[in-house]
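For reference, the structure is listed below as structure tokens.
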Amino acid sequence: MKKRIVGCDAAKTIAMFFVVMLHYSFYTRYYSNGLAGTVVTVMCTVCVPLFFAVNGALLLPRPLDVSKHYHKTLNIIIIVIAWKIIASMFFVFVDRSHPVTFKDFLIFLLGGNFGEYSSGYFWFMNALISVYLIFPIVKLVFDAKNQVAINTLLAVLFGFTVGKDTLILLFQMLGTVAHHDFASVLSPIGDYFVFGKYGYVLLYFLVGGLIGEYLAKRQEGRKWVCNLLACVSSKGKIVAGIVICYIATLLIQRYQHVVNGTSLTVDNGYWLLPTFIAVLLILFALGKASFSDHCARFFYFTGANTFGVYMLHMAGLICLSKVQELSVFQVMGTMNSVALTIANVGLCICVYVVCLGISVLLRKIPYLRVLFSL
């Protein structure tokens, strides 16, 4: 159990850095659109799915106290609202790049964007709250001795997210070769999906819970999960699987770049099959890994501060973007793609470390620590 929790902290740390790196590529001034920069952003496609899988691995195998759960959910909602107010003040008084109205502020508090500001990163907390609101139902399905309910739910979630969009991608590739639009035939299928845009979030949450249950109970877990994970139990198979998934994702991005003009990101990347498999392999590998005491303390430290880093990182990137207006940073515009990517990764690490340090310091201050306590 101790190793599993350390593994989850490691997964949270990796996912959080990937989030910062992905947003860094969008909101700073000198990120490379070349192949080197694209390889880095493609590596980051697992970031958000990995977060939700970790949440499922930590929560679903544990006993549920409904009263405590909804008390925690209410605390999350209050803290997120507080952070939205803080973010609004930062955008209005520090960034000051777009005009906003009080209506924009209300929309932001209720789950939308804050005008044209880069406030979309709060969608993750909105999605997490949506999962927590129905968590007791999910927990009942997860714990049921008769596995028909969870198997049906997994099939529906997988089929309408990972399955559908991977199939659409394959039809798009076929259409590119045949010069016909085959993919549009599958577009109406989404109307039958009751879970909407956050369905893939619930899928990762559930599958993460299955992996967490296996890591906690080993052979006492569900037979089909044990058999499936036994097929990739060796380190070599896990590493090979992750590498193959990343190569497939990079090839998908290159295809989308040529056909659709997509830069850096992967369209629907969070719920394509290579990303799905990579997330499960990464979580499984970290969950079963052994860590030295120094590594365990490091990941416990960073994993405990991921929420603070997440809330602070966008302000850090916006500030960095403004600092990059200085002439000293103009040399970055003359670098080749590889050198520029290395420099950007280094700067991203600096942003991450600064946000981590601020989170650690503010957690020690009475009353303020509650903002970093999730």
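Following the order of the structure tokens, first chain is A, next is B, and so on, with residues numbered from 1 inside each chain and ligands from 1 in the order they appear.
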Surrounding residues of segment 336-339 of chain A excluding itself and chain neighbours under 6 positions, 6 Å, only C-alpha atoms, as a PDB file with all heavy atoms, in the first residue's frame:
ATOM      1  N   SER A  32       9.122  26.403 -29.771  1.00  0.00           N
ATOM      2  CA  SER A  32       9.384  25.932 -31.133  1.00  0.00           C
ATOM      3  C   SER A  32       8.228  25.102 -31.673  1.00  0.00           C
ATOM      4  O   SER A  32       7.736  24.187 -31.006  1.00  0.00           O
ATOM      5  CB  SER A  32      10.665  25.082 -31.147  1.00  0.00           C
ATOM      6  OG  SER A  32      10.819  24.459 -32.407  1.00  0.00           O
ATOM      7  N   GLY A  34       8.752  23.290 -34.262  1.00  0.00           N
ATOM      8  CA  GLY A  34       9.437  22.243 -34.999  1.00  0.00           C
ATOM      9  C   GLY A  34       9.218  20.871 -34.387  1.00  0.00           C
ATOM     10  O   GLY A  34       8.468  20.699 -33.411  1.00  0.00           O
ATOM     11  N   ALA A  36      11.228  18.944 -32.617  1.00  0.00           N
ATOM     12  CA  ALA A  36      11.691  18.774 -31.240  1.00  0.00           C
ATOM     13  C   ALA A  36      10.649  19.283 -30.245  1.00  0.00           C
ATOM     14  O   ALA A  36      10.335  18.615 -29.251  1.00  0.00           O
ATOM     15  CB  ALA A  36      13.020  19.501 -31.035  1.00  0.00           C
TER      16      ALA A  36
END
Taking only C-alpha atoms into account, produce a table as CSV in which each residue of segment 21-107 of chain A with an atom at most 12 Å from an atom of segment 357-373 of chain A appears once, together with its shortest atom pair and the distance in Å to one decimal, ordered by chain and rising number.
residue,atom,partner,partner_atom,distance
A:Lys72,CA,A:Ser373,CA,11.0
A:Asn75,CA,A:Val370,CA,9.5
A:Ile76,CA,A:Ser373,CA,9.4
A:Ile77,CA,A:Leu371,CA,11.3
A:Ile78,CA,A:Leu371,CA,9.5
A:Ile79,CA,A:Leu371,CA,6.0
A:Val80,CA,A:Leu371,CA,8.4
A:Ile81,CA,A:Leu371,CA,10.3
A:Ala82,CA,A:Leu371,CA,7.8
A:Trp83,CA,A:Leu371,CA,7.6
A:Lys84,CA,A:Leu371,CA,11.3
A:Ile85,CA,A:Leu371,CA,12.0
A:Ile86,CA,A:Leu371,CA,10.6
Using the selection just defined, write its residues with C-alpha atoms as a PDB file, in the first residue's frame.
ATOM      1  CA  LYS A  72     -15.010  17.335   1.005  1.00  0.00           C
ATOM      2  CA  ASN A  75     -14.851  22.322   0.403  1.00  0.00           C
ATOM      3  CA  ILE A  76     -13.444  21.781  -3.088  1.00  0.00           C
ATOM      4  CA  ILE A  77     -16.188  23.928  -4.632  1.00  0.00           C
ATOM      5  CA  ILE A  78     -15.569  26.744  -2.123  1.00  0.00           C
ATOM      6  CA  ILE A  79     -11.790  26.626  -2.611  1.00  0.00           C
ATOM      7  CA  VAL A  80     -12.126  26.597  -6.416  1.00  0.00           C
ATOM      8  CA  ILE A  81     -14.446  29.624  -6.252  1.00  0.00           C
ATOM      9  CA  ALA A  82     -11.858  31.394  -4.084  1.00  0.00           C
ATOM     10  CA  TRP A  83      -9.154  30.612  -6.649  1.00  0.00           C
ATOM     11  CA  LYS A  84     -11.378  31.891  -9.460  1.00  0.00           C
ATOM     12  CA  ILE A  85     -11.755  35.187  -7.600  1.00  0.00           C
ATOM     13  CA  ILE A  86      -7.968  35.358  -7.138  1.00  0.00           C
TER      14      ILE A  86
END
Which of segment 50-290 of chain A end up as alpha helix (DSSP H) when DSSP is run on this backbone - answer as a PyMOL selection string? chain A and resi 50-59+66-90+102-109+123-133+135-143+148-158+164-178+199-217+223-230+235-260+273-288
Please identify all polymer residues within 8 Å of Ala10 of chain A, counting only C-alpha atoms, omitting same-chain residues fewer than 3 positions from it, and present them as a ChimeraX atom specification. /A:6-7,13-14,286,299-300,303
Would you kindly return, as number ranges by chain, each protein, DNA or RNA residue with an atom no farther than 12 Å from any atom of segment 271-276 of chain A, considering only C-alpha atoms and excluding same-chain residues fewer than 5 positions away? A: 42-50, 52-53, 157-170, 197-205, 207-208, 241-253, 266, 281-283
Residue subset to file, keeping N, CA and C atoms, as a short mmCIF file (atom, residue, chain, number, x, y, z; two decimals), in the first residue's frame:
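Generated file (part-v1.cif):
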data_model
loop_
_atom_site.label_atom_id
_atom_site.label_comp_id
_atom_site.auth_asym_id
_atom_site.auth_seq_id
_atom_site.Cartn_x
_atom_site.Cartn_y
_atom_site.Cartn_z
N VAL A 42 3.83 16.23 -27.39
CA VAL A 42 3.18 14.93 -27.57
C VAL A 42 3.35 14.08 -26.31
N MET A 43 4.50 14.17 -25.68
CA MET A 43 4.72 13.45 -24.42
C MET A 43 3.75 13.89 -23.34
N CYS A 44 3.27 15.12 -23.46
CA CYS A 44 2.39 15.69 -22.43
C CYS A 44 0.92 15.29 -22.60
N THR A 45 0.58 14.54 -23.64
CA THR A 45 -0.82 14.21 -23.88
C THR A 45 -1.42 13.34 -22.78
N VAL A 46 -0.59 12.70 -21.98
CA VAL A 46 -1.10 11.84 -20.91
C VAL A 46 -1.45 12.62 -19.65
N CYS A 47 -1.16 13.92 -19.61
CA CYS A 47 -1.18 14.67 -18.35
C CYS A 47 -2.53 14.62 -17.65
N VAL A 48 -3.58 15.13 -18.28
CA VAL A 48 -4.89 15.18 -17.63
C VAL A 48 -5.48 13.79 -17.41
N PRO A 49 -5.45 12.89 -18.41
CA PRO A 49 -5.95 11.53 -18.14
C PRO A 49 -5.25 10.86 -16.96
N LEU A 50 -3.94 11.09 -16.83
CA LEU A 50 -3.19 10.48 -15.73
C LEU A 50 -3.66 11.01 -14.39
N PHE A 52 -6.72 11.99 -13.59
CA PHE A 52 -8.00 11.36 -13.24
C PHE A 52 -7.83 9.88 -12.92
N ALA A 53 -6.92 9.21 -13.60
CA ALA A 53 -6.66 7.81 -13.29
C ALA A 53 -6.08 7.68 -11.89
N LEU A 157 -18.57 3.79 -21.85
CA LEU A 157 -17.63 4.90 -21.77
C LEU A 157 -16.50 4.73 -22.77
N PHE A 158 -15.94 3.54 -22.85
CA PHE A 158 -14.84 3.30 -23.78
C PHE A 158 -15.33 3.42 -25.23
N GLY A 159 -16.47 2.81 -25.52
CA GLY A 159 -16.96 2.81 -26.89
C GLY A 159 -17.25 4.19 -27.44
N PHE A 160 -17.82 5.07 -26.59
CA PHE A 160 -18.22 6.39 -27.06
C PHE A 160 -17.13 7.46 -26.92
N THR A 161 -15.99 7.11 -26.34
CA THR A 161 -14.89 8.07 -26.22
C THR A 161 -13.67 7.55 -26.97
N VAL A 162 -12.91 6.69 -26.35
CA VAL A 162 -11.69 6.16 -26.96
C VAL A 162 -12.01 5.40 -28.25
N GLY A 163 -13.01 4.53 -28.19
CA GLY A 163 -13.34 3.73 -29.36
C GLY A 163 -13.83 4.58 -30.52
N LYS A 164 -14.81 5.45 -30.25
CA LYS A 164 -15.41 6.25 -31.32
C LYS A 164 -14.38 7.17 -31.97
N ASP A 165 -13.63 7.90 -31.17
CA ASP A 165 -12.73 8.90 -31.75
C ASP A 165 -11.50 8.27 -32.39
N THR A 166 -11.08 7.11 -31.88
CA THR A 166 -10.00 6.39 -32.57
C THR A 166 -10.49 5.88 -33.91
N LEU A 167 -11.72 5.38 -33.96
CA LEU A 167 -12.29 4.92 -35.22
C LEU A 167 -12.48 6.07 -36.20
N ILE A 168 -12.91 7.22 -35.70
CA ILE A 168 -13.05 8.40 -36.55
C ILE A 168 -11.70 8.79 -37.16
N LEU A 169 -10.66 8.73 -36.33
CA LEU A 169 -9.32 9.05 -36.82
C LEU A 169 -8.90 8.09 -37.93
N LEU A 170 -9.16 6.81 -37.74
CA LEU A 170 -8.81 5.83 -38.76
C LEU A 170 -9.60 6.08 -40.05
N LYS A 197 -19.39 15.61 -22.56
CA LYS A 197 -17.98 15.89 -22.83
C LYS A 197 -17.03 15.38 -21.75
N TYR A 198 -17.55 15.06 -20.56
CA TYR A 198 -16.69 14.56 -19.49
C TYR A 198 -16.73 13.03 -19.36
N GLY A 199 -17.27 12.35 -20.36
CA GLY A 199 -17.35 10.90 -20.29
C GLY A 199 -16.00 10.24 -20.20
N TYR A 200 -15.02 10.76 -20.96
CA TYR A 200 -13.69 10.15 -20.93
C TYR A 200 -13.02 10.33 -19.58
N VAL A 201 -13.38 11.40 -18.87
CA VAL A 201 -12.85 11.65 -17.52
C VAL A 201 -13.30 10.53 -16.58
N LEU A 202 -14.57 10.17 -16.66
CA LEU A 202 -15.09 9.09 -15.83
C LEU A 202 -14.46 7.75 -16.21
N LEU A 203 -14.19 7.56 -17.49
CA LEU A 203 -13.53 6.33 -17.94
C LEU A 203 -12.16 6.18 -17.29
N TYR A 204 -11.35 7.23 -17.34
CA TYR A 204 -10.02 7.17 -16.72
C TYR A 204 -10.12 6.99 -15.21
N PHE A 205 -11.09 7.63 -14.60
CA PHE A 205 -11.31 7.51 -13.16
C PHE A 205 -11.60 6.05 -12.79
N VAL A 207 -11.03 3.23 -14.63
CA VAL A 207 -9.94 2.31 -14.96
C VAL A 207 -8.77 2.51 -13.98
N GLY A 208 -8.54 3.75 -13.58
CA GLY A 208 -7.55 3.99 -12.55
C GLY A 208 -7.90 3.28 -11.26
N GLY A 241 5.66 -0.94 -24.37
CA GLY A 241 4.29 -0.49 -24.63
C GLY A 241 4.16 1.01 -24.61
N ILE A 242 4.78 1.65 -23.61
CA ILE A 242 4.71 3.12 -23.51
C ILE A 242 5.40 3.77 -24.71
N VAL A 243 6.56 3.25 -25.08
CA VAL A 243 7.30 3.81 -26.22
C VAL A 243 6.48 3.67 -27.51
N ILE A 244 5.89 2.51 -27.72
CA ILE A 244 5.06 2.29 -28.93
C ILE A 244 3.88 3.24 -28.95
N CYS A 245 3.25 3.44 -27.80
CA CYS A 245 2.10 4.36 -27.73
C CYS A 245 2.51 5.79 -28.06
N TYR A 246 3.68 6.21 -27.56
CA TYR A 246 4.14 7.56 -27.85
C TYR A 246 4.53 7.72 -29.32
N ILE A 247 5.14 6.69 -29.90
CA ILE A 247 5.47 6.76 -31.33
C ILE A 247 4.19 6.87 -32.16
N ALA A 248 3.17 6.08 -31.79
CA ALA A 248 1.89 6.14 -32.51
C ALA A 248 1.26 7.52 -32.36
N THR A 249 1.33 8.11 -31.17
CA THR A 249 0.75 9.44 -30.94
C THR A 249 1.49 10.50 -31.75
N LEU A 250 2.82 10.38 -31.81
CA LEU A 250 3.60 11.34 -32.61
C LEU A 250 3.25 11.22 -34.09
N LEU A 251 3.08 10.00 -34.57
CA LEU A 251 2.71 9.81 -35.98
C LEU A 251 1.32 10.38 -36.26
N ILE A 252 0.40 10.22 -35.30
CA ILE A 252 -0.94 10.81 -35.44
C ILE A 252 -0.84 12.33 -35.52
N GLN A 253 0.00 12.91 -34.66
CA GLN A 253 0.16 14.37 -34.67
C GLN A 253 0.74 14.84 -36.00
N VAL A 266 -2.37 17.26 -30.23
CA VAL A 266 -3.00 16.15 -30.94
C VAL A 266 -4.51 16.32 -30.80
N LEU A 281 -0.49 2.10 -18.60
CA LEU A 281 0.83 1.50 -18.39
C LEU A 281 1.68 2.33 -17.45
N ILE A 282 1.63 3.66 -17.59
CA ILE A 282 2.41 4.54 -16.71
C ILE A 282 1.94 4.41 -15.27
N LEU A 283 0.63 4.44 -15.07
CA LEU A 283 0.09 4.31 -13.71
C LEU A 283 0.43 2.95 -13.12
#
One decimal, in Å: what's the spacing between atom CA of Gly56 of chain A and atom CA of Leu140 of chain A? 13.8 Å
